[in-house]
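Data first, discussion second: the structure below is written as structure tokens.
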Amino acid sequence: MIKTEMAAVSAFTSVNGMFARSAVIFALIAIVAGQGPSVDGSTINNADQQQTPIRINESFYKGSQNFALNFFKQVSLTVDSDRNVTTTNIFVSPLSVWNLLALLSEGAEGETLKEILQVMNVEDQNVIKHHFKSFQETINVNAKGVEISSAQFMFTDKNHPVKHDFEHIVDTYYGEKLFEALDFSSSNASLRESYNHINKVVSDATKGQIKRAIHPTNLEQARLLLLSVLFFQGEWTFPFNRSLTNDSVPFYDENERVVTTVPMMFQKAILPFAAFRELEAQIVELPYGGDRFLSMLVILPRRGVPLHEVVQRLANFNMEMIFRELRQAAEEYEDDEVEVFLPRFQISSDYVLKSVLFNMGMKKAFHTGLAEFNKIASDIVVNDIFQKNKIVVNEEGTTASSVSGAVFVNKATPPRFIANRPFAFLIVDKRNDLILFMGQVKDPMRL
């Protein structure tokens with residue numbers, strides 16, 4: 001298991017003046033699970049409902065997309081800050097973080113709110129308030145071969161309740177029954193009971209993939225615990241044939257040294273595939289399910305180009321252009337196949353995100369003397385933001401921007417996309433160009 005703890009800004013949990021502020025704890029749980037049997041057809045939603053996007057302010061999606069790219073850039077900078085480390089895998093859910101910041105913004109005021117909105121890439125909090133619930137409805141999907149489930153939870157200490165007006169606004173604009181009052185502070189026994197209950201809620205929401213989301217110490221001095229859970233499970237539209245998987249193929253680092261040998265999956269299919277000059281990388285799209293609106297984009301740097309450079313460029317890239325050029329490639333070569341070699345991999349990650357969001361500009365929320373969350377309760381401050389993630393990619397599926405042109409490869413012979421060196425990946429919802437998950441793989445055999 002990869003456990004990466006990003007350095008926390010410890011000064012922001014200190015005592016200020018004559019009192020210590022109570023803590024607001026955030027946990028973001030994301031799971032991308034390996035697909036076993038197909039999703040039960042009895043739970044399939046109406047197809048028209050799935051395919052017809054709910055009308056939402058375009059800036060809402062834009063804000064989420066820009067946040068995702070900047071967030072992944074900052075995570076990558078933090079994890080890869082030691083240039084001697086060449087085998088660090090990353091897996092995060094920017095959308096889960098963004099959803100949680102949306103809830104936090106409702107309780108923020110003044111400069112604290114301004115910083116949160118700037119980090120989220122949203123100009124007006126009212127845009128969040130009036131579109132969040134519909135936005136969540138566009139995310140959730142339960143169809144043959146694909147399932148996405150996004151859910152938010154707010155656990156309060158019944159001994160220190162949040163303000164009634166805040167609870168009413170959340171119920172009205174963000175979703176009913178998000179709040180649940182537990183006992184964090186009466187006794188050790190009550191704290192343990194609350195801890196077990198919260199972990200059961202998360203385990204149920206992630207189909208048992210994440211059983212211990214929090215630790216009892218996370219609830220000490222806590223007034224409010226916010227959780228954002230994102231679960232994804234998808235079968236490949238074109239599954240990899242297990243009989244063609246080579247169990248011992250060399251995988252190289254960025255210095256062309258063999259890191260390990262990996263089980264290398266193979267498939268030949270008609271797939272969107274293009275090389276992007278300014279990104280200095282190739283991208284292949286691997287769709288999920290029969291409707292193909294969910295996909296994994298695998299980004300392979302040109303040989304000799306470090307992955308971190310591609311990730312940094314990606315933050316300033318136009319994702320709509322990437323989607324457009326991949327669609328154009330699919331139309332240009334609609335009958336041509338691509339040979340894809342992709343290692344089987346699994347990543348489990350555990351991140352403390354305070355320093356990442358601090359470096360992105362969200363500073364006052366963590367500061368005992370400066371945080372303004374009086375709409376939630378008096379004298380509270382954000383103490384921790386952490387995320388647990390898991391992804392499994394195998395033959396069956398995933399159990400879990402400057403003007404630039406694309407250069408289409410010559411397909412006189414089948415092009416080959418060979419991911420035998422560090423690569424990045426995105427799991428996207430093409431209906432709204434929404435980025436659900438992002439990651440990088442530098443050692444596929446490292447859990």
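In the structure tokens, the first chain shown is A, the next is B, and so on; residue numbers restart at 1 for each chain, and ligands run from 1 in the order shown.
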
Note to self: So that I can check the surroundings of Leu286 (chain A), please list as a list in words every protein, DNA and RNA residue that reaches within 8 Å of it, counting only C-alpha atoms and ignoring chain neighbours fewer than 2 positions away.
What the structure shows: Trp236, Thr237, Phe238, Leu271, Pro272, Val284, Tyr288, Ser295, Met296, Leu297 and Val298 of chain A

Note to self: From a backbone DSSP assignment, name each residue in region 44-238 of chain A labelled strand (DSSP E), as a VMD selection string.
What the structure shows: chain A and resid 90 to 92 141 to 143 146 to 157 179 to 182 222 to 235

Item checked: Between CA of Arg302 (chain A) and CA of Ala275 (chain A), distance in Å (one decimal) ->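 Here the two named atoms are 9.0 Å from each other.
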
Notebook entry, point to check: Taking only C-alpha atoms into account, which of A:Glu58, A:Glu220, A:Asp247, A:Asp336 comes nearest Phe135 (chain A)?
Noted result: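 Closest to Phe135 (chain A), using only C-alpha atoms: A:Glu58.
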
Check: What are the DSSP alpha helix (DSSP H) residues of region 212-416 of chain A, as an NGL selection string?
Finding: :A and (307-315 or 319-332 or 354-360)

Take the residues from that selection and write them out as a short mmCIF file (atom, residue, chain, number, x, y, z; two decimals), in the first residue's frame, keeping N, CA, C and O atoms.
data_model
loop_
_atom_site.label_atom_id
_atom_site.label_comp_id
_atom_site.auth_asym_id
_atom_site.auth_seq_id
_atom_site.Cartn_x
_atom_site.Cartn_y
_atom_site.Cartn_z
N LEU A 307 7.71 12.51 -16.90
CA LEU A 307 6.27 12.55 -16.68
C LEU A 307 5.84 13.82 -15.96
O LEU A 307 4.80 14.40 -16.28
N HIS A 308 6.64 14.30 -14.99
CA HIS A 308 6.23 15.49 -14.23
C HIS A 308 6.12 16.71 -15.14
O HIS A 308 5.29 17.61 -14.88
N GLU A 309 6.91 16.77 -16.23
CA GLU A 309 6.79 17.89 -17.17
C GLU A 309 5.47 17.83 -17.92
O GLU A 309 4.83 18.87 -18.15
N VAL A 310 5.04 16.65 -18.30
CA VAL A 310 3.76 16.50 -18.99
C VAL A 310 2.61 16.87 -18.05
O VAL A 310 1.66 17.55 -18.45
N VAL A 311 2.70 16.45 -16.78
CA VAL A 311 1.67 16.78 -15.80
C VAL A 311 1.58 18.29 -15.61
O VAL A 311 0.48 18.86 -15.52
N GLN A 312 2.72 18.98 -15.55
CA GLN A 312 2.71 20.44 -15.40
C GLN A 312 2.09 21.11 -16.62
O GLN A 312 1.31 22.06 -16.48
N ARG A 313 2.39 20.63 -17.83
CA ARG A 313 1.78 21.19 -19.04
C ARG A 313 0.28 20.93 -19.07
O ARG A 313 -0.49 21.76 -19.54
N LEU A 314 -0.11 19.77 -18.59
CA LEU A 314 -1.52 19.39 -18.61
C LEU A 314 -2.37 20.39 -17.83
O LEU A 314 -3.51 20.67 -18.20
N ALA A 315 -1.81 20.95 -16.75
CA ALA A 315 -2.56 21.91 -15.92
C ALA A 315 -2.93 23.16 -16.71
O ALA A 315 -3.91 23.83 -16.38
N MET A 319 -8.69 20.99 -21.89
CA MET A 319 -9.22 19.64 -21.93
C MET A 319 -10.25 19.46 -23.04
O MET A 319 -10.35 18.40 -23.64
N GLU A 320 -11.03 20.52 -23.33
CA GLU A 320 -12.00 20.42 -24.41
C GLU A 320 -11.30 20.11 -25.73
O GLU A 320 -11.81 19.36 -26.56
N MET A 321 -10.11 20.70 -25.90
CA MET A 321 -9.36 20.44 -27.12
C MET A 321 -8.92 18.98 -27.19
O MET A 321 -8.97 18.35 -28.24
N ILE A 322 -8.51 18.43 -26.04
CA ILE A 322 -8.11 17.02 -26.02
C ILE A 322 -9.29 16.13 -26.39
O ILE A 322 -9.18 15.24 -27.24
N PHE A 323 -10.45 16.39 -25.77
CA PHE A 323 -11.64 15.59 -26.10
C PHE A 323 -12.00 15.76 -27.57
O PHE A 323 -12.34 14.79 -28.26
N ARG A 324 -11.93 17.00 -28.09
CA ARG A 324 -12.29 17.26 -29.49
C ARG A 324 -11.37 16.54 -30.45
O ARG A 324 -11.81 15.92 -31.43
N GLU A 325 -10.06 16.62 -30.18
CA GLU A 325 -9.11 16.00 -31.10
C GLU A 325 -9.20 14.48 -31.06
O GLU A 325 -9.02 13.81 -32.08
N LEU A 326 -9.50 13.92 -29.89
CA LEU A 326 -9.69 12.46 -29.82
C LEU A 326 -10.93 12.04 -30.60
O LEU A 326 -10.93 11.01 -31.28
N ARG A 327 -12.00 12.86 -30.50
CA ARG A 327 -13.20 12.56 -31.31
C ARG A 327 -12.88 12.64 -32.78
O ARG A 327 -13.34 11.80 -33.57
N GLN A 328 -12.09 13.66 -33.18
CA GLN A 328 -11.74 13.81 -34.58
C GLN A 328 -10.88 12.63 -35.05
O GLN A 328 -11.06 12.13 -36.17
N ALA A 329 -9.96 12.19 -34.20
CA ALA A 329 -9.13 11.03 -34.54
C ALA A 329 -10.00 9.80 -34.76
O ALA A 329 -9.76 9.01 -35.69
N ALA A 330 -10.99 9.62 -33.90
CA ALA A 330 -11.88 8.47 -34.04
C ALA A 330 -12.65 8.53 -35.35
O ALA A 330 -12.89 7.49 -36.00
N GLU A 331 -13.05 9.73 -35.77
CA GLU A 331 -13.79 9.88 -37.03
C GLU A 331 -12.88 9.69 -38.24
O GLU A 331 -13.26 9.08 -39.23
N GLU A 332 -11.66 10.22 -38.13
CA GLU A 332 -10.70 10.12 -39.25
C GLU A 332 -10.31 8.66 -39.51
O GLU A 332 -10.10 8.26 -40.64
N LYS A 354 -3.70 19.11 3.43
CA LYS A 354 -3.67 20.49 3.92
C LYS A 354 -2.64 21.34 3.19
O LYS A 354 -2.92 22.45 2.72
N SER A 355 -1.42 20.83 3.08
CA SER A 355 -0.37 21.63 2.45
C SER A 355 -0.63 21.85 0.97
O SER A 355 -0.29 22.90 0.41
N VAL A 356 -1.26 20.88 0.30
CA VAL A 356 -1.58 21.03 -1.13
C VAL A 356 -2.54 22.19 -1.32
O VAL A 356 -2.33 23.08 -2.16
N LEU A 357 -3.64 22.18 -0.55
CA LEU A 357 -4.64 23.25 -0.69
C LEU A 357 -4.09 24.59 -0.21
O LEU A 357 -4.41 25.64 -0.76
N PHE A 358 -3.24 24.56 0.82
CA PHE A 358 -2.59 25.78 1.29
C PHE A 358 -1.75 26.38 0.17
O PHE A 358 -1.80 27.60 -0.09
N ASN A 359 -0.98 25.55 -0.52
CA ASN A 359 -0.13 26.05 -1.61
C ASN A 359 -0.94 26.51 -2.81
O ASN A 359 -0.46 27.31 -3.62
N MET A 360 -2.16 26.02 -2.94
CA MET A 360 -3.04 26.48 -4.02
C MET A 360 -3.72 27.80 -3.67
O MET A 360 -4.35 28.41 -4.53
#
